[in-house]
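Okay, model_34.txt now, which holds compact mmCIF, C-alpha atoms and all ligand atoms:
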```txt
# COMPACT_ATOMS: atom_id res chain seq x y z
CA MET C 1 0.00 0.00 0.00
CA SER C 2 1.17 3.58 0.36
CA ARG C 3 1.31 6.78 2.37
CA GLU C 4 -2.05 7.70 0.79
CA GLU C 5 -3.66 4.40 1.87
CA LEU C 6 -2.43 4.98 5.39
CA LEU C 7 -3.40 8.65 5.52
CA ALA C 8 -6.87 7.89 4.15
CA TRP C 9 -7.44 5.81 7.27
CA ILE C 10 -6.18 8.42 9.78
CA PRO C 11 -8.61 11.21 10.69
CA ALA C 12 -7.25 14.60 9.52
CA GLY C 13 -5.45 16.40 12.30
CA HIS C 14 -4.96 13.25 14.37
CA PRO C 15 -1.47 13.08 16.00
CA ASP C 16 -0.74 9.86 14.04
CA GLU C 17 -0.91 11.89 10.81
CA THR C 18 2.35 13.74 11.56
CA LEU C 19 4.08 10.46 12.35
CA ALA C 20 2.72 8.79 9.18
CA ARG C 21 4.08 11.68 7.07
CA GLN C 22 7.55 11.18 8.55
CA ILE C 23 7.79 7.52 7.46
CA SER C 24 10.08 6.84 4.48
CA PHE C 25 8.02 4.49 2.35
CA ASP C 26 11.05 3.43 0.32
CA ARG C 27 12.81 2.05 3.44
CA LEU C 28 10.10 0.05 5.17
CA PRO C 29 11.01 -3.15 7.01
CA ALA C 30 9.88 -6.06 4.80
CA HIS C 31 9.02 -8.21 7.80
CA ILE C 32 7.98 -7.03 11.28
CA ALA C 33 7.77 -9.59 14.09
CA ILE C 34 6.16 -8.73 17.42
CA ILE C 35 6.40 -10.34 20.86
CA MET C 36 3.10 -9.22 22.38
CA ASP C 37 3.79 -8.97 26.10
CA GLY C 38 2.28 -7.34 29.15
CA ASN C 39 -1.36 -8.45 28.98
CA GLY C 40 -1.24 -9.81 32.54
CA ARG C 41 0.33 -6.62 33.93
CA TRP C 42 -2.20 -4.47 32.07
CA ALA C 43 -5.00 -6.42 33.77
CA ALA C 44 -3.28 -6.37 37.19
CA GLN C 45 -2.95 -2.56 37.01
CA ARG C 46 -6.74 -2.45 36.69
CA HIS C 47 -7.41 -5.14 39.33
CA LEU C 48 -8.86 -7.36 36.63
CA PRO C 49 -8.30 -11.08 36.00
CA ARG C 50 -5.36 -11.82 33.62
CA VAL C 51 -7.67 -12.96 30.85
CA GLU C 52 -9.10 -9.44 30.61
CA GLY C 53 -5.62 -8.36 29.50
CA HIS C 54 -5.72 -10.93 26.70
CA ARG C 55 -9.22 -9.80 25.74
CA ALA C 56 -8.03 -6.18 25.54
CA GLY C 57 -5.01 -7.39 23.58
CA ILE C 58 -7.29 -8.31 20.68
CA ASP C 59 -7.95 -4.61 19.98
CA ALA C 60 -4.19 -4.08 19.73
CA VAL C 61 -3.92 -7.04 17.31
CA ARG C 62 -6.69 -5.60 15.14
CA ASP C 63 -5.11 -2.13 14.98
CA THR C 64 -1.60 -3.46 14.38
CA VAL C 65 -2.63 -5.81 11.55
CA GLU C 66 -4.50 -3.11 9.67
CA THR C 67 -1.77 -0.49 10.21
CA ALA C 68 0.94 -2.89 8.97
CA ALA C 69 -1.13 -3.79 5.89
CA ARG C 70 -1.85 -0.16 5.04
CA LEU C 71 1.81 0.76 5.53
CA GLY C 72 2.75 -1.84 2.94
CA ILE C 73 4.60 -4.27 5.19
CA GLU C 74 5.23 -7.54 3.35
CA VAL C 75 5.08 -9.88 6.36
CA LEU C 76 3.79 -9.37 9.92
CA THR C 77 4.35 -12.13 12.49
CA LEU C 78 2.67 -12.01 15.90
CA TYR C 79 3.73 -14.32 18.74
CA ALA C 80 0.37 -15.40 20.15
CA PHE C 81 1.09 -18.66 21.96
CA SER C 82 4.43 -20.29 22.70
CA MET C 83 5.02 -23.97 23.40
CA GLU C 84 5.89 -22.88 26.95
CA ASN C 85 2.49 -21.18 27.36
CA TRP C 86 0.85 -24.59 27.96
CA LYS C 87 2.27 -24.29 31.51
CA ARG C 88 -0.27 -21.54 32.25
CA PRO C 89 -3.51 -22.36 34.14
CA ALA C 90 -5.91 -24.39 31.97
CA ALA C 91 -8.58 -21.66 32.19
CA GLU C 92 -6.15 -19.05 30.81
CA VAL C 93 -5.09 -21.36 27.96
CA SER C 94 -8.68 -22.07 26.98
CA THR C 95 -9.56 -18.36 27.09
CA LEU C 96 -6.63 -17.60 24.79
CA MET C 97 -7.83 -20.27 22.33
CA MET C 98 -11.41 -18.99 22.53
CA LEU C 99 -10.20 -15.43 21.84
CA LEU C 100 -8.20 -16.61 18.87
CA LYS C 101 -11.25 -18.39 17.46
CA ARG C 102 -13.43 -15.35 18.00
CA TYR C 103 -10.80 -13.08 16.43
CA LEU C 104 -10.59 -15.23 13.31
CA ARG C 105 -14.36 -15.25 12.90
CA SER C 106 -14.88 -11.55 13.50
CA GLU C 107 -11.84 -10.33 11.55
CA LEU C 108 -11.96 -12.53 8.47
CA ASN C 109 -13.74 -9.81 6.49
CA THR C 110 -11.15 -7.22 7.56
CA LEU C 111 -8.39 -9.56 6.39
CA LEU C 112 -10.12 -10.08 3.04
CA ARG C 113 -10.90 -6.38 2.62
CA ASN C 114 -7.23 -5.53 3.17
CA ASP C 115 -6.02 -8.34 0.87
CA ILE C 116 -4.21 -9.98 3.82
CA ARG C 117 -3.12 -13.63 3.56
CA PHE C 118 -3.32 -15.47 6.85
CA SER C 119 -0.88 -18.16 7.92
CA VAL C 120 0.16 -20.07 11.03
CA ILE C 121 3.67 -20.97 12.14
CA GLY C 122 4.23 -23.52 14.90
CA ARG C 123 3.23 -27.08 15.70
CA MET C 124 -0.34 -26.62 14.58
CA ASP C 125 -1.12 -30.36 14.65
CA ASP C 126 -0.95 -30.35 18.46
CA LEU C 127 -3.77 -27.81 18.76
CA SER C 128 -7.33 -28.97 19.38
CA ARG C 129 -9.35 -30.08 16.36
CA ASP C 130 -11.79 -27.15 16.49
CA ILE C 131 -8.97 -24.58 16.60
CA GLN C 132 -7.23 -26.31 13.71
CA ASP C 133 -10.46 -26.24 11.69
CA GLU C 134 -10.91 -22.53 12.39
CA LEU C 135 -7.31 -21.79 11.42
CA HIS C 136 -7.54 -23.84 8.22
CA ALA C 137 -10.75 -22.04 7.28
CA ALA C 138 -9.01 -18.64 7.60
CA ILE C 139 -5.92 -19.89 5.75
CA ASP C 140 -8.06 -21.26 2.90
CA ARG C 141 -10.35 -18.23 2.63
CA THR C 142 -7.40 -15.81 2.37
CA ALA C 143 -5.12 -18.06 0.29
CA SER C 144 -5.48 -16.02 -2.89
CA ASP C 145 -4.92 -12.65 -1.20
CA SER C 146 -1.79 -11.01 -2.51
CA GLY C 147 -1.19 -8.26 0.05
CA MET C 148 0.50 -8.61 3.42
CA LEU C 149 1.22 -12.08 4.80
CA PHE C 150 0.03 -12.25 8.41
CA ASN C 151 1.63 -15.09 10.37
CA ILE C 152 0.36 -16.02 13.80
CA ALA C 153 2.91 -18.01 15.81
CA LEU C 154 0.89 -20.62 17.71
CA ASN C 155 2.26 -23.48 19.77
CA TYR C 156 5.51 -22.04 18.49
CA GLY C 157 9.08 -22.51 19.75
CA GLY C 158 12.18 -21.29 17.94
CA ARG C 159 14.30 -24.27 18.92
CA ALA C 160 11.48 -26.68 18.03
CA GLU C 161 11.25 -24.99 14.62
CA ILE C 162 14.96 -25.63 14.01
CA VAL C 163 14.57 -29.26 15.11
CA ASP C 164 11.53 -29.65 12.80
CA ALA C 165 13.54 -28.12 9.94
CA ALA C 166 16.42 -30.53 10.57
CA ARG C 167 13.99 -33.47 10.52
CA ARG C 168 12.43 -32.27 7.27
CA ALA C 169 15.86 -31.76 5.72
CA ILE C 170 16.82 -35.35 6.61
CA GLU C 171 13.48 -36.69 5.33
CA SER C 172 13.92 -34.80 2.06
CA GLY C 173 17.11 -36.74 1.43
CA VAL C 174 19.23 -33.61 0.96
CA ARG C 175 22.91 -34.58 1.15
CA PRO C 176 24.78 -33.07 4.13
CA HIS C 177 27.33 -31.61 1.74
CA ASP C 178 24.57 -29.73 -0.14
CA LEU C 179 23.05 -28.23 3.01
CA ASP C 180 23.96 -24.60 3.56
CA GLU C 181 22.18 -21.74 5.36
CA GLN C 182 20.01 -20.90 2.36
CA ARG C 183 18.90 -24.50 1.77
CA PHE C 184 18.27 -25.00 5.48
CA ALA C 185 16.06 -21.90 5.66
CA ASP C 186 13.82 -23.55 3.06
CA PHE C 187 12.85 -26.15 5.69
CA LEU C 188 11.78 -23.59 8.31
CA TYR C 189 8.12 -22.70 8.88
CA THR C 190 8.91 -19.33 7.25
CA ALA C 191 10.37 -20.80 4.04
CA GLY C 192 10.28 -18.26 1.23
CA GLN C 193 9.60 -15.31 3.55
CA PRO C 194 12.07 -12.48 4.20
CA ASP C 195 13.67 -12.59 7.65
CA PRO C 196 12.32 -10.03 10.14
CA ASP C 197 14.06 -6.67 9.78
CA LEU C 198 12.37 -5.36 12.89
CA LEU C 199 11.55 -7.27 16.08
CA ILE C 200 9.28 -5.39 18.47
CA ARG C 201 8.72 -6.44 22.07
CA THR C 202 6.20 -4.68 24.28
CA SER C 203 6.22 -4.20 28.08
CA GLY C 204 9.93 -3.47 28.42
CA GLU C 205 11.29 -7.01 28.73
CA MET C 206 14.70 -7.52 27.11
CA ARG C 207 14.32 -11.13 25.97
CA VAL C 208 13.73 -12.93 22.68
CA SER C 209 11.82 -15.77 24.37
CA ASN C 210 12.53 -18.54 21.87
CA PHE C 211 10.97 -16.52 19.02
CA LEU C 212 12.19 -16.91 15.43
CA LEU C 213 15.70 -17.72 16.67
CA TRP C 214 17.10 -18.48 13.22
CA GLN C 215 15.33 -15.65 11.42
CA ILE C 216 16.19 -12.74 13.77
CA ALA C 217 19.95 -13.10 13.25
CA TYR C 218 20.18 -9.53 11.88
CA ALA C 219 16.88 -8.05 13.04
CA GLU C 220 16.81 -4.63 14.65
CA ILE C 221 15.30 -5.01 18.11
CA TYR C 222 12.90 -2.37 19.41
CA VAL C 223 11.60 -2.64 22.98
CA THR C 224 8.80 -0.38 24.16
CA GLU C 225 7.50 0.01 27.72
CA THR C 226 3.95 0.08 26.32
CA LEU C 227 1.94 -2.93 27.47
CA TRP C 228 0.47 -4.91 24.58
CA PRO C 229 -3.23 -4.00 25.16
CA ASP C 230 -2.26 -0.31 24.83
CA PHE C 231 -0.28 -0.83 21.60
CA ARG C 232 -1.88 1.00 18.67
CA ARG C 233 -1.14 2.42 15.20
CA TRP C 234 0.90 5.23 16.75
CA HIS C 235 3.24 2.77 18.51
CA LEU C 236 3.82 0.76 15.34
CA LEU C 237 4.57 3.92 13.34
CA GLU C 238 6.94 5.04 16.11
CA ALA C 239 8.77 1.67 15.97
CA VAL C 240 9.09 1.88 12.17
CA GLN C 241 10.41 5.41 12.45
CA ALA C 242 13.00 4.31 15.05
CA TYR C 243 13.99 1.42 12.75
CA GLN C 244 14.52 3.86 9.88
CA LYS C 245 16.97 5.84 12.01
CA ARG C 246 19.12 2.78 12.68
CA GLU C 247 22.21 1.98 10.67
CA ARG C 248 22.23 -1.67 9.63
CA ARG C 249 25.67 -3.19 9.21
CA TYR C 250 25.13 -6.98 8.97
CA GLY C 251 28.49 -7.52 10.63
CA GLY C 252 30.31 -5.11 8.32
CA ILE C 253 31.62 -1.66 9.18
CA SER C 254 29.85 1.64 8.77
CA PRO C 255 31.17 3.92 6.04
CA SER C 256 33.33 6.77 7.39
CA PRO C 257 31.50 10.14 7.36
CA ALA C 258 33.79 11.33 4.51
CA VAL C 259 32.95 8.27 2.35
CA ALA C 260 29.27 8.44 3.23
CA SER C 261 28.99 12.11 2.33
CA ALA C 262 30.90 11.56 -0.94
CA LYS C 263 28.16 9.08 -2.06
C1 LIG P 1 1.76 -12.09 26.83
O1 LIG P 1 1.25 -11.41 27.94
C2 LIG P 1 0.71 -12.40 25.85
C3 LIG P 1 0.33 -13.67 25.49
C4 LIG P 1 0.94 -14.86 26.07
C5 LIG P 1 -0.75 -13.93 24.53
C6 LIG P 1 -1.01 -12.92 23.47
C7 LIG P 1 -2.39 -13.14 22.98
C8 LIG P 1 -3.27 -12.21 22.60
C9 LIG P 1 -2.99 -10.78 22.50
C10 LIG P 1 -4.67 -12.59 22.24
C11 LIG P 1 -4.85 -13.58 21.11
C12 LIG P 1 -4.04 -13.32 19.91
C13 LIG P 1 -4.45 -13.22 18.62
C14 LIG P 1 -3.42 -13.13 17.56
C15 LIG P 1 -5.85 -13.17 18.19
P1 LIG P 1 1.44 -12.02 29.39
O2 LIG P 1 0.19 -12.71 29.78
O3 LIG P 1 2.67 -12.88 29.46
O4 LIG P 1 1.65 -10.70 30.21
P2 LIG P 1 2.49 -10.49 31.56
O5 LIG P 1 3.93 -10.72 31.21
O6 LIG P 1 2.19 -9.06 31.91
O7 LIG P 1 1.95 -11.46 32.57
```
Would you mind writing the file's structure down as structure tokens?
Amino acid sequence: MSREELLAWIPAGHPDETLARQISFDRLPAHIAIIMDGNGRWAAQRHLPRVEGHRAGIDAVRDTVETAARLGIEVLTLYAFSMENWKRPAAEVSTLMMLLKRYLRSELNTLLRNDIRFSVIGRMDDLSRDIQDELHAAIDRTASDSGMLFNIALNYGGRAEIVDAARRAIESGVRPHDLDEQRFADFLYTAGQPDPDLLIRTSGEMRVSNFLLWQIAYAEIYVTETLWPDFRRWHLLEAVQAYQKRERRYGGISPSPAVASAK
């Protein structure tokens, strides 16, 4: 999409408009990955049960998905449920699954309207049958969309993904000698997708929590104190703007000011 698509969606005079005008549309991150954190703390601050934080987090998901699509982001990946999250109380796990189901049903039209293709990364086969059916329905209905790819990481673990990729590589019969980083990446859940350029984590925690371990090798990390349920368009635009101010070196050296200014 474009600056116009984004601006058309922001009411004139809204503070987000200034931020949207400052974004360089020729230097957008191709892939943004987000660790949505702080739902429990958001609820605790309001003396509410933890699940109310997850419920409020859905509004942040909705806003973020549409903002990313209108910005023209190629891939957005949200970390919704890790393999470790099964350790949470059963009632919290089932609420999270129920919210996911409800989100998929209520937002399918928004995904279609914005040309968003939905996908899941993680060990989907271990999820309950009804959740799998719901996920497959959304994947199938949006399969021909050609805009942003929206991955939800569900029952996801970065190390498990690497193990799964190694198993698939072995099963494919690829010869060890032929296996290099590029070939190996083709066995990951994210095969064919650009690696995240920008990894956002909300609620101030400085951890990567087993998320996209292979893919974030050169990602720029942006941590905000904002708790996930409060995260909105403005916060995503702010993160993209911060990303655009970074200098990416990929292990090389930065050009000296004299060389840089001569270019
Ligand atoms: C972390 O907050 C958040 C999660 C484990 C789940 C995120 C899920 C949602 C926002 C709702 C469903 C998602 C989709 C994509 C429809 P936390 O509970 O660990 O917070 P805390 O660290 O403050 O306790």
Which residues are close to Ala153 in chain C, i.e. within 8 Å by all atoms listed in the file, leaving aside same-chain residues fewer than 3 positions away? Reply as a list of chain:residue names.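 Those residues are C:Thr77, C:Leu78, C:Tyr79, C:Ala80, C:Phe81, C:Ser82, C:Val120, C:Ile121, C:Gly122, C:Tyr156.
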Centre, x/y/z edge lengths, axis-aligned box for ligand LIG 1 (chain P) with 6 Å per side, as lines of an AutoDock Vina configuration file:
```
center_x = -1.0
center_y = -12.0
center_z = 25.1
size_x = 21.8
size_y = 17.8
size_z = 27.0
```
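Each of C:Leu227, C:Thr67, C:Ile116, C:Trp214 was compared to Pro194 in chain C using only C-alpha atoms, and C:Trp214 turns out to be the nearest.
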Once you count all atoms listed in the file, which residues end up within 10 Å of ligand LIG 1 (chain P), and could you hand them over as an NGL selection string? :C and (35-45 or 50-62 or 65 or 77-82 or 84-86 or 88 or 92-93 or 95-104 or 107 or 150-154 or 202-205 or 227-229)
Determine the nearest neighbour of Glu134 in chain C from the options C:Asn210, C:Asn114, C:Ser106, C:Asn155, counting all atoms listed in the file.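 Nearest to Glu134 in chain C: C:Ser106.
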From CA of Ser146 in chain C to CA of Phe187 in chain C the spacing works out at 22.6 Å
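What separates CA of Ala165 in chain C from CA of Met83 in chain C is a distance of 16.5 Å.
CA of Pro11 in chain C is found 22.9 Å from CA of Thr226 in chain C.
In this comparison, which uses only C-alpha atoms, the residue of C:Leu213, C:Leu111, C:Ala8, C:Val174 approaching Leu71 in chain C most closely is C:Ala8.
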What lies within 8 Å of Asp164 in chain C using only C-alpha atoms, ignoring chain neighbours under 4 positions off, as a ChimeraX atom specification? /C:160,168,188
Quick one: of C:Glu220, C:Glu17, C:Glu247, C:Glu171, who's nearest to Ile34 in chain C, counting all atoms listed in the file? C:Glu220
Could you give me, as a list of chain:residue names, the residues that sit within 10 Å of (10.0, -8.7, 9.7) in the file's coordinates, counting all atoms listed in the file?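 Answer for this query, in the requested form: C:Leu28, C:Pro29, C:Ala30, C:His31, C:Ile32, C:Ala33, C:Ile34, C:Ile73, C:Glu74, C:Val75, C:Leu76, C:Thr77, C:Gln193, C:Pro194, C:Asp195, C:Pro196, C:Asp197, C:Leu198, C:Leu199, C:Ile200, C:Gln215, C:Ile216, C:Ala219, C:Glu220.
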Distance criterion (only C-alpha atoms): nearest to Glu4 in chain C out of C:Gly72, C:Tyr189, C:His47, C:Ala242: C:Gly72
Since the input has fewer atoms than a full residue there, write range 150-161 of chain C out with N, CA and C atoms, as a short mmCIF file (atom, residue, chain, number, x, y, z; two decimals), in the coordinates of the input.
```
data_model
loop_
_atom_site.label_atom_id
_atom_site.label_comp_id
_atom_site.auth_asym_id
_atom_site.auth_seq_id
_atom_site.Cartn_x
_atom_site.Cartn_y
_atom_site.Cartn_z
N PHE C 150 0.18 -12.39 6.96
CA PHE C 150 0.03 -12.25 8.41
C PHE C 150 0.20 -13.63 9.05
N ASN C 151 1.37 -13.82 9.68
CA ASN C 151 1.63 -15.09 10.37
C ASN C 151 1.25 -14.97 11.84
N ILE C 152 0.52 -15.95 12.35
CA ILE C 152 0.36 -16.02 13.80
C ILE C 152 1.22 -17.20 14.27
N ALA C 153 2.10 -16.94 15.25
CA ALA C 153 2.91 -18.01 15.81
C ALA C 153 2.11 -18.64 16.95
N LEU C 154 1.77 -19.92 16.76
CA LEU C 154 0.89 -20.62 17.71
C LEU C 154 1.51 -21.96 18.06
N ASN C 155 1.55 -22.28 19.33
CA ASN C 155 2.26 -23.48 19.77
C ASN C 155 3.64 -23.47 19.10
N TYR C 156 4.25 -22.29 19.19
CA TYR C 156 5.51 -22.04 18.49
C TYR C 156 6.69 -22.03 19.47
N GLY C 157 7.81 -22.61 19.03
CA GLY C 157 9.08 -22.51 19.75
C GLY C 157 10.19 -22.40 18.71
N GLY C 158 11.11 -21.49 18.92
CA GLY C 158 12.18 -21.29 17.94
C GLY C 158 13.10 -22.49 17.83
N ARG C 159 13.43 -23.09 18.98
CA ARG C 159 14.30 -24.27 18.92
C ARG C 159 13.56 -25.44 18.28
N ALA C 160 12.27 -25.58 18.62
CA ALA C 160 11.48 -26.68 18.03
C ALA C 160 11.41 -26.49 16.51
N GLU C 161 11.31 -25.24 16.06
CA GLU C 161 11.25 -24.99 14.62
C GLU C 161 12.55 -25.47 13.95
#
```
